[in-house]
Protein chains: 2
Amino acid sequence: MARTTLTRDEVLDAAASLVMQHGPAALTMRGLAAELGTAVTSIYWHVGNRESLLDALVERTVEEMGAIRPTGRTPADRILAVARILRRELRRRPHLIAMVHERGLTERMFLPAQQALVHEVHAAGLRGARAAEAVRAVQFQVVGYLLVERNRERSPAQSPAESELWDPAAAPHDPALARALARPADPDRLFLLSVRALVHALLAPGAADASDATGTDGTAPPR
Amino acid sequence: MARTTLTRDEVLDAAASLVMQHGPAALTMRGLAAELGTAVTSIYWHVGNRESLLDALVERTVEEMGAIRPTGRTPADRILAVARILRRELRRRPHLIAMVHERGLTERMFLPAQQALVHEVHAAGLRGARAAEAVRAVQFQVVGYLLVERNRERSPAQSPAESELWDPAAAPHDPALARALARPADPDRLFLLSVRALVHALLAPGAADASDATGTDGTAPPR
DNA sequence: ACCTGAACACCGTTCAAGT
DNA sequence: ACCTGAACACCGTTCAAGT
């Protein structure tokens with residue numbers, strides 16, 4: 001592993017590779033130095049310290065999530081396309097995305113997607129504060145879904161598992177429901193279904209306005 | 001800080017206090033021993049090692065999130081109540097909830113809420129796989145929203161901030177929209193709005209079925 | 001401008017020894 | 001059954017010294 005001179009990019013590449021394969025805990029300064037064939041202290045000259053090294057990796061990830069080009073015939077279709085694209089790209093970099101999340105930069109990472117959503121919501125005829133709420137509702141739902149989904153994928157064997165909890169004997173009133181909940185969720189289908197339901201309600205004229213909101217007492221408003 | 005004999009519960013209480021105040025990184029075995037006035041090694045006798053100590057804290061948190069008693073007149077209202085209760089309880093324990101999330105136990109923590117949702121969806125007349133999908137859609141949305149919200153609260157000053165990005169000059173076509181996005185989101189309002197929109201669409205007869213889903217090509221189905 | 005080894009102050013964990 | 005100090009193998013980081 002003899003080399004001419006070490007560069008900052010080489011350090012970042014090696015660090016990113018370690019993190020993507022084994023997670024941030026596997027990134028030790030000494031281990032990284034060994035990987036690069038240099039002294040530990042050389043790394044400090046190029047990237048400062050471990051924390052700013054991780055920051056640089058996160059920054060890179062945020063930039064890579066930049067361009068969103070949705071396709072589709074209607075605004076609703078293009079909103080769905082934005083959601084699908086985000087989901088695909090995020091699932092490629094689970095460890096790095098978790099680090100973005102830990103640093104509280106998830107929202108910033110999604111700003112390009114937010115701009116695309118603004119465009120589509122506007123095309124659907126929403127204006128002003130109403131349009132802003134629709135954008136944020138979709139954004140929160142998509143980002144939130146991805147966080148939950150990732151959590152599920154990482155989770156170890158759950159106890160009690162849904163399959164035990166929802167064995168049909170425990171829910172005799174609706175065995176088909178119990179069977180459905182005992183099966184693992186279909187994440188693609190559930191994602192589409194959820195986003196479509198939300199978008200449908202948000203774009204429907206006159207619906208989805210929180211100003212008719214139920215109060216904190218849990219009672220329904222008059223209608 | 002002289003004491004008779006150290007107990008496992010005392011160790012857990014002190015550890016929980018440290019974590020709740022300053023996060024898991026602030027929990028060092030040596031620091032915890034100093035807090036308790038014992039030798040580091042005594043802690044090992046009671047709780048094993050640091051990892052299983054954290055596991056025990058997480059387990060406790062999952063148990064504390066147990067009972068959900070929604071109120072409200074209609075199933076839709078009671079689903080909203082479940083969502084609000086979850087949100088309130090989770091916001092009380094941010095560090096511990098993050099640890100539950102890191103261990104992939106978020107879903108297990110929400111099983112009691114899931115059972116409440118099953119009851120309400122059933123009361124609303126949904127059955128079988130359709131009901132299961134509605135439950136999961138609401139569950140994913142609520143949990144996801146909370147994760148996103150927590151991320152926002154923790155996040156440092158964002159750059160570019162939404163307020164810079166959405167200054168009205170950048171979106172001349174709809175200055176009211178730009179102003180709305182430049183303002184910080186109202187999390188209570190957005191939460192209610194999103195859950196209500198999703199629940200409305202899911203409980204509406206015949207709506208919200210993914211079997212009429214748009215394909216991956218982003219084109220709309222015939223209607 | 002870039003790299004190095006030595007040293008420092010921290011970790012979590014183990015272990016033999018105490019009572 | 002419970003507690004202890006000493007020791008081990010690791011960390012991240014600093015610094016004076018090299019070229």
# chains A, B, ... in the order shown; residues from 1 in each chain; ligands from 1
>>> closest_atom_pairs(of="chain B", to="chain D", cutoff="10 Å", atoms="only C-alpha atoms (C1' of nucleotides)", output="Markdown table")
| residue | atom | partner | partner_atom | distance |
| --- | --- | --- | --- | --- |
| B:Thr5 | CA | D:DC2 | C1' | 8.3 |
| B:Leu6 | CA | D:DC2 | C1' | 8.8 |
| B:Thr38 | CA | D:DC3 | C1' | 8.5 |
| B:Ala39 | CA | D:DT4 | C1' | 6.8 |
| B:Val40 | CA | D:DT4 | C1' | 9.2 |
| B:Thr41 | CA | D:DT4 | C1' | 7.7 |
| B:Ser42 | CA | D:DC3 | C1' | 6.1 |
| B:Ile43 | CA | D:DC3 | C1' | 9.8 |
| B:Trp45 | CA | D:DC2 | C1' | 8.0 |
| B:His46 | CA | D:DC2 | C1' | 9.4 |
>>> write_last_selection(atoms="N, CA and C atoms", output="PDB file, in the first residue's frame")
ATOM      1  N   THR B   5     -26.149  -1.417  50.608  1.00  0.00           N
ATOM      2  CA  THR B   5     -25.678  -2.232  49.484  1.00  0.00           C
ATOM      3  C   THR B   5     -26.285  -1.692  48.199  1.00  0.00           C
ATOM      4  N   LEU B   6     -25.534  -1.788  47.157  1.00  0.00           N
ATOM      5  CA  LEU B   6     -25.982  -1.328  45.846  1.00  0.00           C
ATOM      6  C   LEU B   6     -26.984  -2.333  45.284  1.00  0.00           C
ATOM      7  N   THR B  38     -19.487   3.996  44.242  1.00  0.00           N
ATOM      8  CA  THR B  38     -18.954   2.630  44.344  1.00  0.00           C
ATOM      9  C   THR B  38     -17.801   2.449  43.367  1.00  0.00           C
ATOM     10  N   ALA B  39     -17.219   1.269  43.407  1.00  0.00           N
ATOM     11  CA  ALA B  39     -16.174   0.960  42.437  1.00  0.00           C
ATOM     12  C   ALA B  39     -16.826   0.624  41.095  1.00  0.00           C
ATOM     13  N   VAL B  40     -16.114   0.909  40.020  1.00  0.00           N
ATOM     14  CA  VAL B  40     -16.652   0.632  38.687  1.00  0.00           C
ATOM     15  C   VAL B  40     -17.096  -0.811  38.579  1.00  0.00           C
ATOM     16  N   THR B  41     -16.305  -1.668  39.135  1.00  0.00           N
ATOM     17  CA  THR B  41     -16.534  -3.100  38.932  1.00  0.00           C
ATOM     18  C   THR B  41     -17.795  -3.603  39.617  1.00  0.00           C
ATOM     19  N   SER B  42     -18.279  -2.885  40.636  1.00  0.00           N
ATOM     20  CA  SER B  42     -19.539  -3.295  41.268  1.00  0.00           C
ATOM     21  C   SER B  42     -20.680  -3.244  40.266  1.00  0.00           C
ATOM     22  N   ILE B  43     -20.648  -2.217  39.416  1.00  0.00           N
ATOM     23  CA  ILE B  43     -21.706  -2.072  38.417  1.00  0.00           C
ATOM     24  C   ILE B  43     -21.757  -3.295  37.518  1.00  0.00           C
ATOM     25  N   TRP B  45     -21.049  -6.270  38.288  1.00  0.00           N
ATOM     26  CA  TRP B  45     -21.674  -7.397  38.975  1.00  0.00           C
ATOM     27  C   TRP B  45     -23.199  -7.313  38.847  1.00  0.00           C
ATOM     28  N   HIS B  46     -23.752  -6.109  38.882  1.00  0.00           N
ATOM     29  CA  HIS B  46     -25.209  -5.963  38.901  1.00  0.00           C
ATOM     30  C   HIS B  46     -25.851  -5.980  37.522  1.00  0.00           C
TER      31      HIS B  46
END
>>> interface_residues(of="chain A", to="chain B", cutoff="7 Å", atoms="only C-alpha atoms", output="ChimeraX atom specification")
/A:71-73,77,81,101,103-105,108,127-129,131-133,137,140-141,143-145,147-148,151-152,154-156,158,174,176-177,180-181,189-190,192-194,197-198,201-202,208-210,218-220
>>> residues_around(residues="B:Leu12", least_positions_apart="3", cutoff="8 Å", atoms="only C-alpha atoms (C1' of nucleotides)", output="list in words")
Arg8, Asp9, Ala15, Ala16, Leu53, Ala56 and Leu57 of chain B
>>> write_last_selection(atoms="C-alpha atoms", output="CSV table (one decimal), in the first residue's frame")
chain,number,residue,atom,x,y,z
B,8,ARG,CA,-29.6,-3.3,40.3
B,9,ASP,CA,-32.5,-0.8,40.4
B,15,ALA,CA,-28.1,5.5,34.6
B,16,ALA,CA,-31.5,6.6,33.3
B,53,LEU,CA,-27.2,-1.7,30.9
B,56,ALA,CA,-32.2,-2.6,30.3
B,57,LEU,CA,-33.0,1.1,30.1
>>> atom_distance(atom1="atom CA of B:Ala116", atom2="atom CA of B:Ile68")
7.2 Å
>>> atom_distance(atom1="atom CA of A:Ser17", atom2="atom CA of A:Ala33")
13.4 Å
>>> atom_distance(atom1="atom CA of A:Arg69", atom2="atom CA of B:Pro187")
28.3 Å
>>> select_by_dssp(residues="chain B", states="helix (DSSP H, G or I)", output="PyMOL selection string")
chain B and resi 8-22+24-26+29-36+40-47+50-64+75-91+94-102+106-109+111-123+128-154+162-165+168-170+175-182+187-203+210-212
>>> residues_around(residues="A:Val62", least_positions_apart="2", cutoff="8 Å", atoms="only C-alpha atoms (C1' of nucleotides)", output="ChimeraX atom specification")
/A:58-60,64-66,100,108-109
>>> write_last_selection(atoms="N, CA, C and O atoms", output="CSV table (one decimal), in the first residue's frame")
chain,number,residue,atom,x,y,z
A,58,VAL,N,-21.0,13.2,6.0
A,58,VAL,CA,-22.5,13.6,6.0
A,58,VAL,C,-22.7,14.7,5.0
A,58,VAL,O,-23.7,14.6,4.2
A,59,GLU,N,-21.8,15.6,4.9
A,59,GLU,CA,-22.0,16.7,3.9
A,59,GLU,C,-22.0,16.2,2.5
A,59,GLU,O,-22.9,16.6,1.7
A,60,ARG,N,-21.1,15.3,2.2
A,60,ARG,CA,-21.1,14.6,0.9
A,60,ARG,C,-22.4,13.9,0.6
A,60,ARG,O,-22.9,14.0,-0.5
A,64,GLU,N,-25.1,14.5,-2.4
A,64,GLU,CA,-25.4,13.5,-3.4
A,64,GLU,C,-26.9,13.3,-3.6
A,64,GLU,O,-27.4,12.8,-4.6
A,65,MET,N,-27.7,13.7,-2.5
A,65,MET,CA,-29.1,13.6,-2.6
A,65,MET,C,-29.8,14.7,-3.3
A,65,MET,O,-31.0,15.0,-3.2
A,66,GLY,N,-29.0,15.5,-4.1
A,66,GLY,CA,-29.5,16.7,-4.7
A,66,GLY,C,-30.6,16.7,-5.7
A,66,GLY,O,-31.7,17.2,-5.4
A,100,VAL,N,-26.8,11.3,8.9
A,100,VAL,CA,-27.4,12.6,8.5
A,100,VAL,C,-28.5,12.8,9.5
A,100,VAL,O,-28.6,14.0,10.1
A,108,ARG,N,-32.6,19.3,5.8
A,108,ARG,CA,-31.8,20.0,4.8
A,108,ARG,C,-31.6,19.1,3.6
A,108,ARG,O,-31.6,19.6,2.5
A,109,MET,N,-31.3,17.8,3.9
A,109,MET,CA,-31.1,16.9,2.8
A,109,MET,C,-32.3,16.9,1.9
A,109,MET,O,-32.2,16.6,0.7
